[in-house]
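Participant: Pasting a structure below so you can have a look.
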Amino acid sequence: MKNSLDVCVQGQPAHDKPSMNKPFLPYALPELGEEEIAEVVDTLRSGWLSTGPRVKRFEADFAAYLKHAGIHCLAVSSATAGLHLALEALGVGPGDEVILPSYTFTATAEVVRYVGAIPVFVDVLEKTFNISPDAIDAAITQKTKAVIVVHFAGLSCDMAPIFALAKKNNLKIVEDAAHALPTTYQGRLVGTLESDFAVFSFYANKTMTTGEGGMVVTTNSELAARVKTMRLHGINRDAFDRYTASAPAWFYEVIAAGFKYNMPDMAAALGIHQLKKLDGFQKMREEMAQVYDAALQDLPLTLPSAALAGDIHARHVYAIRIGRNAPLTRDAFIAELSKRGIGTSVHFIPLHRHPYWRNTYSLNERDFPVSQTLYEEEVSLPLYTKMTSEDQERVIDAVRAVLEFRRELA
Ligand SMILES: *Cc1c(COP(=O)(O)O)cnc(C)c1O
């Protein structure tokens, strides 16, 4: 065992399955340093474990990182919680329709059900895996209230046509930015665009982590105030602080049936130091992505799209496609890599393939031809800052061996 953090990342056990005398290379691992560990220890010694001074500092640091006038950053217990709070604050409710890509993680859609609204699933673009603006346009009805976009793998959606549709049809835009830290669109960081909300994830395998956690970002002060109240039991602390400064410390008022979605200081202790390392992490991931691009470009597979010139791709996921010209199927490819001690993942099993979404909304794979093809062909290779260049060479050698050996047989 390397360390206890290897135990489970996104439900994937870190097998110490020896293969060719080398330990199993996990698909993902967080990178935590002595600074994070010391800050957590200080938090424990301080006696303040739940939401307190470290959450406040993390939120202020995050706002400083985004460098945008009037930005509000609200730390929450997960991105899923943050997406739920965003829809609640926007007043999305029963009877409303919310358009989102089928090609995403279930959290993007389940929050629509939390507020009693109807998810409307649409297809994505083949080149970027991102939601298709034309598909959004075709899905808009009188009942459409909002669109949730997902910046797949950390590559921004083309937001201009989406914002134009939102303006024309009076729709709210929420960005599921779980993969998109740091990501830019036309030179601006995701989180500072014209959408109503962007929500980031600090889950253990994301580009920075607090173990579990998320950040809700908006430039709208009213929406921010609602999220702030609803993330902690609907207790209106601001009103309490502003108008009842003479009231006793035990007094508070509940103005809505809120949620328990606050981030604890122990998590923020990690976030404060992870955020400082974020740009360095991104640089390393971009370099690793380019190493993969160069080493794999002659093979019968499709490489991931890069960001447009001048923009940043967060490189949360390195998604290749094992398609028709490959000598073996995607599933066989994954099995062959596993035999060679290499962990992989698939992003995503689209929502129209999952029994709950498929059955509840009568979804048919014929309505999602691009998502369907991408799902059948996609494999995510390991790409994280704790990987050494030898680790990456191992992955490259294994991918080459599997595809070239099979090509000779073909
Ligand atoms: C990880 C992820 C989420 C959920 O993030 P949590 O912080 O675990 O709630 C949502 N959407 C996408 C696209 C994700 O990858």
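Residue numbers start at 1 in each chain; chains themselves are named A, B, ... in the order of the structure tokens; ligands are numbered from 1 in the order shown.
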Per residue of chain A within 10 Å of ligand 1, note the shortest atom pair and the distance in Å to one decimal, counting only C-alpha atoms and all ligand atoms, and order the rows by chain and increasing residue number, as a tab-separated table.

Facilitator:
```
residue	atom	partner	partner_atom_place_in_ligand_line	distance
A:Gln10	CA	ligand 1	1 (C)	8.8
A:Val76	CA	ligand 1	7 (O)	9.0
A:Ser77	CA	ligand 1	7 (O)	7.5
A:Ser78	CA	ligand 1	7 (O)	3.8
A:Ala79	CA	ligand 1	7 (O)	3.7
A:Thr80	CA	ligand 1	9 (O)	3.7
A:Ala81	CA	ligand 1	9 (O)	6.4
A:Gly82	CA	ligand 1	9 (O)	7.8
A:Leu83	CA	ligand 1	10 (C)	8.2
A:His84	CA	ligand 1	9 (O)	9.9
A:Tyr103	CA	ligand 1	13 (C)	8.9
A:Thr104	CA	ligand 1	13 (C)	5.4
A:Phe105	CA	ligand 1	13 (C)	5.0
A:Thr106	CA	ligand 1	11 (N)	7.2
A:Ala107	CA	ligand 1	10 (C)	5.0
A:Thr108	CA	ligand 1	11 (N)	5.4
A:Ala109	CA	ligand 1	11 (N)	9.0
A:Glu110	CA	ligand 1	10 (C)	9.9
A:Val111	CA	ligand 1	10 (C)	9.9
A:Val149	CA	ligand 1	13 (C)	9.2
A:Val150	CA	ligand 1	13 (C)	6.0
A:His151	CA	ligand 1	13 (C)	7.6
A:Phe152	CA	ligand 1	13 (C)	7.0
A:Ala153	CA	ligand 1	15 (O)	8.2
A:Gly154	CA	ligand 1	13 (C)	9.6
A:Glu175	CA	ligand 1	11 (N)	9.6
A:Asp176	CA	ligand 1	11 (N)	5.8
A:Ala177	CA	ligand 1	13 (C)	7.1
A:Ala178	CA	ligand 1	14 (C)	4.9
A:His179	CA	ligand 1	15 (O)	5.9
A:Ala180	CA	ligand 1	13 (C)	9.2
A:Val199	CA	ligand 1	10 (C)	8.7
A:Phe200	CA	ligand 1	7 (O)	7.3
A:Ser201	CA	ligand 1	7 (O)	4.1
A:Phe202	CA	ligand 1	7 (O)	5.6
A:Tyr203	CA	ligand 1	7 (O)	4.7
A:Ala204	CA	ligand 1	8 (O)	8.1
A:Asn205	CA	ligand 1	1 (C)	8.0
A:Lys206	CA	ligand 1	1 (C)	7.0
A:Thr209	CA	ligand 1	7 (O)	9.2
A:Thr210	CA	ligand 1	7 (O)	9.5
A:Gly211	CA	ligand 1	7 (O)	9.0
A:Glu212	CA	ligand 1	7 (O)	6.1
A:Gly213	CA	ligand 1	7 (O)	5.4
A:Gly214	CA	ligand 1	7 (O)	5.4
A:Met215	CA	ligand 1	7 (O)	8.8
A:His316	CA	ligand 1	15 (O)	9.1
A:Val317	CA	ligand 1	15 (O)	9.5
A:His347	CA	ligand 1	15 (O)	8.6
A:Phe348	CA	ligand 1	13 (C)	9.0
```

Participant: Just list as an MDAnalysis selection string whatever in segment 155-269 of chain A DSSP marks as strand (DSSP E).

Facilitator: chainID A and resid 172:176 184:185 188:189 197:201 214:218

Participant: Which residues, written as a PyMOL selection string, have at least one atom at most 12 Å from Val98 of chain A, with only C-alpha atoms counted and residues fewer than 5 positions away on the same chain left out?

Facilitator: chain A and resi 87+90-93+108-113+115-122+136+139-149+171-174

Participant: So which bits of segment 102-291 of chain A end up alpha helix (DSSP H) when you DSSP the backbone, as a PyMOL selection string?

Facilitator: chain A and resi 106-114+133-139+159-169+221-230+237-243+265-291

Participant: Which one is closest to Gly70 of chain A: A:Ile342, A:Thr219, A:Leu270, A:Tyr261? Count only C-alpha atoms.

Facilitator: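 Closest candidate: A:Thr219.
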
Participant: Skipping near chain neighbours, those fewer than 5 positions away, what residues fall within 10 Å of Tyr185 of chain A using only C-alpha atoms, listed as an MDAnalysis selection string?

Facilitator: chainID A and resid 155:160 190 192:193 307:308 310:313

Participant: When you draw a straight line from atom CA of Asp134 of chain A to atom CA of Ser380 of chain A, how long is it in Å?

Facilitator: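 Atom-to-atom, atom CA of Asp134 of chain A and atom CA of Ser380 of chain A are spaced 26.9 Å apart.
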
Participant: Please provide the set of residues having any atom within 7 Å of Glu36 of chain A, restricted to only C-alpha atoms, with same-chain residues fewer than 3 positions apart removed, written as a list in words.

Facilitator: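 So the residues in contact are Leu32, Gly33, Glu39, Val40, Ala269, Leu270 and His273 of chain A.
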
Participant: Can I get the selection written as a compact mmCIF listing (two decimals), in the first residue's frame, with all heavy atoms?

Facilitator:
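Final output, out_36.txt:
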```txt
# COMPACT_ATOMS: atom_id res chain seq x y z
N LEU A 32 -1.87 15.66 -2.05
CA LEU A 32 -1.97 16.45 -0.82
C LEU A 32 -0.58 16.57 -0.21
O LEU A 32 0.15 15.58 -0.11
CB LEU A 32 -2.91 15.76 0.17
CG LEU A 32 -4.36 15.59 -0.34
CD1 LEU A 32 -5.13 14.64 0.55
CD2 LEU A 32 -5.06 16.94 -0.43
N GLY A 33 -0.22 17.78 0.20
CA GLY A 33 1.12 18.01 0.74
C GLY A 33 1.09 18.24 2.24
O GLY A 33 0.05 18.21 2.89
N GLU A 39 -2.52 22.17 8.08
CA GLU A 39 -3.71 23.03 8.23
C GLU A 39 -4.86 22.24 8.86
O GLU A 39 -5.61 22.79 9.68
CB GLU A 39 -4.12 23.59 6.86
CG GLU A 39 -5.11 24.74 6.90
CD GLU A 39 -4.49 26.07 7.33
OE1 GLU A 39 -3.34 26.37 6.94
OE2 GLU A 39 -5.17 26.81 8.06
N VAL A 40 -5.00 20.98 8.47
CA VAL A 40 -6.06 20.16 9.07
C VAL A 40 -5.75 19.94 10.55
O VAL A 40 -6.65 20.05 11.40
CB VAL A 40 -6.20 18.80 8.33
CG1 VAL A 40 -7.14 17.86 9.09
CG2 VAL A 40 -6.72 19.02 6.91
N ALA A 269 -9.77 23.65 5.10
CA ALA A 269 -8.33 23.63 5.41
C ALA A 269 -7.56 23.03 4.23
O ALA A 269 -6.48 23.51 3.87
CB ALA A 269 -8.08 22.83 6.68
N LEU A 270 -8.11 21.99 3.62
CA LEU A 270 -7.48 21.40 2.43
C LEU A 270 -7.59 22.37 1.25
O LEU A 270 -6.61 22.58 0.51
CB LEU A 270 -8.16 20.08 2.05
CG LEU A 270 -8.13 18.94 3.06
CD1 LEU A 270 -8.89 17.74 2.51
CD2 LEU A 270 -6.70 18.54 3.37
N HIS A 273 -5.07 25.35 0.67
CA HIS A 273 -3.73 25.03 0.14
C HIS A 273 -3.80 24.42 -1.26
O HIS A 273 -2.91 24.67 -2.08
CB HIS A 273 -2.98 24.15 1.12
CG HIS A 273 -2.69 24.89 2.40
ND1 HIS A 273 -1.65 25.79 2.49
CD2 HIS A 273 -3.36 24.93 3.57
CE1 HIS A 273 -1.69 26.35 3.70
NE2 HIS A 273 -2.70 25.84 4.37
```

Participant: Would you pick out the contacts of Ala28 of chain A at 8 Å or less, using only C-alpha atoms, so that residues sharing its chain but fewer than 3 positions from it are not included, and give the list as number ranges by chain?

Facilitator: A: 9, 205, 382-384

Participant: For the residues in the current selection, export all heavy atoms as an mmCIF file, in the first residue's frame.

Facilitator:
```cif
data_model
loop_
_atom_site.group_PDB
_atom_site.id
_atom_site.type_symbol
_atom_site.label_atom_id
_atom_site.label_comp_id
_atom_site.auth_asym_id
_atom_site.auth_seq_id
_atom_site.Cartn_x
_atom_site.Cartn_y
_atom_site.Cartn_z
ATOM 1 N N VAL A 9 -11.052 5.863 -4.814
ATOM 2 C CA VAL A 9 -11.334 7.087 -5.539
ATOM 3 C C VAL A 9 -12.474 6.783 -6.498
ATOM 4 O O VAL A 9 -12.363 5.909 -7.341
ATOM 5 C CB VAL A 9 -10.098 7.596 -6.304
ATOM 6 C CG1 VAL A 9 -10.467 8.796 -7.159
ATOM 7 C CG2 VAL A 9 -9.002 7.978 -5.329
ATOM 8 N N ASN A 205 -11.368 13.135 -6.593
ATOM 9 C CA ASN A 205 -10.614 12.936 -7.838
ATOM 10 C C ASN A 205 -10.653 14.154 -8.758
ATOM 11 O O ASN A 205 -10.177 14.085 -9.888
ATOM 12 C CB ASN A 205 -11.139 11.700 -8.581
ATOM 13 C CG ASN A 205 -12.512 11.904 -9.161
ATOM 14 O OD1 ASN A 205 -13.138 12.949 -8.970
ATOM 15 N ND2 ASN A 205 -13.017 10.910 -9.856
ATOM 16 N N PRO A 382 -5.284 7.418 -17.163
ATOM 17 C CA PRO A 382 -4.836 8.101 -15.945
ATOM 18 C C PRO A 382 -4.077 9.378 -16.291
ATOM 19 O O PRO A 382 -3.231 9.369 -17.183
ATOM 20 C CB PRO A 382 -3.892 7.085 -15.277
ATOM 21 C CG PRO A 382 -4.115 5.786 -15.963
ATOM 22 C CD PRO A 382 -4.701 6.075 -17.307
ATOM 23 N N LEU A 383 -4.428 10.476 -15.620
ATOM 24 C CA LEU A 383 -3.716 11.737 -15.820
ATOM 25 C C LEU A 383 -3.881 12.538 -14.536
ATOM 26 O O LEU A 383 -4.951 13.079 -14.277
ATOM 27 C CB LEU A 383 -4.294 12.502 -17.022
ATOM 28 C CG LEU A 383 -3.483 13.725 -17.494
ATOM 29 C CD1 LEU A 383 -3.804 14.071 -18.935
ATOM 30 C CD2 LEU A 383 -3.728 14.939 -16.632
ATOM 31 N N TYR A 384 -2.873 12.519 -13.687
ATOM 32 C CA TYR A 384 -2.930 13.265 -12.432
ATOM 33 C C TYR A 384 -1.514 13.596 -11.987
ATOM 34 O O TYR A 384 -0.554 12.938 -12.397
ATOM 35 C CB TYR A 384 -3.691 12.495 -11.351
ATOM 36 C CG TYR A 384 -3.325 11.036 -11.178
ATOM 37 C CD1 TYR A 384 -2.463 10.627 -10.160
ATOM 38 C CD2 TYR A 384 -3.837 10.064 -12.023
ATOM 39 C CE1 TYR A 384 -2.148 9.282 -9.979
ATOM 40 C CE2 TYR A 384 -3.520 8.726 -11.860
ATOM 41 C CZ TYR A 384 -2.670 8.341 -10.844
ATOM 42 O OH TYR A 384 -2.357 7.012 -10.689
#
```

Participant: For Gly341 of chain A, which residue out of A:Asp397, A:Ser389, A:Ala268, A:Ala326 is the nearest one, using only C-alpha atoms?

Facilitator: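 Using only C-alpha atoms, Gly341 of chain A sits closest to A:Asp397.
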
Participant: Here is a test: counting only C-alpha atoms, which residue of A:Arg400, A:Arg353, A:Lys127, A:Lys228 is nearest to Leu296 of chain A?

Facilitator: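 The shortest atom-to-atom distance to Leu296 of chain A comes from A:Arg400.
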
Participant: For Met387 of chain A, please output as number ranges by chain all residues within 10 Å (counting only C-alpha atoms; exclusion window: fewer than 4 positions along the same chain).

Facilitator: A: 25-29, 31, 285, 288, 382-383, 391-392

Participant: With only C-alpha atoms as the basis for distance, which of A:Cys73, A:Gln282, A:Asn170, A:His352 is at the shortest distance from Ser221 of chain A?

Facilitator: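 Under the stated criterion, the closest residue is A:Cys73.
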
Participant: Which one is closest to Ala257 of chain A: A:Pro350, A:Glu88, A:Phe58, A:Leu181? Count only C-alpha atoms.

Facilitator: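 Ranking A:Pro350, A:Glu88, A:Phe58, A:Leu181 by distance to Ala257 of chain A, first place goes to A:Glu88.
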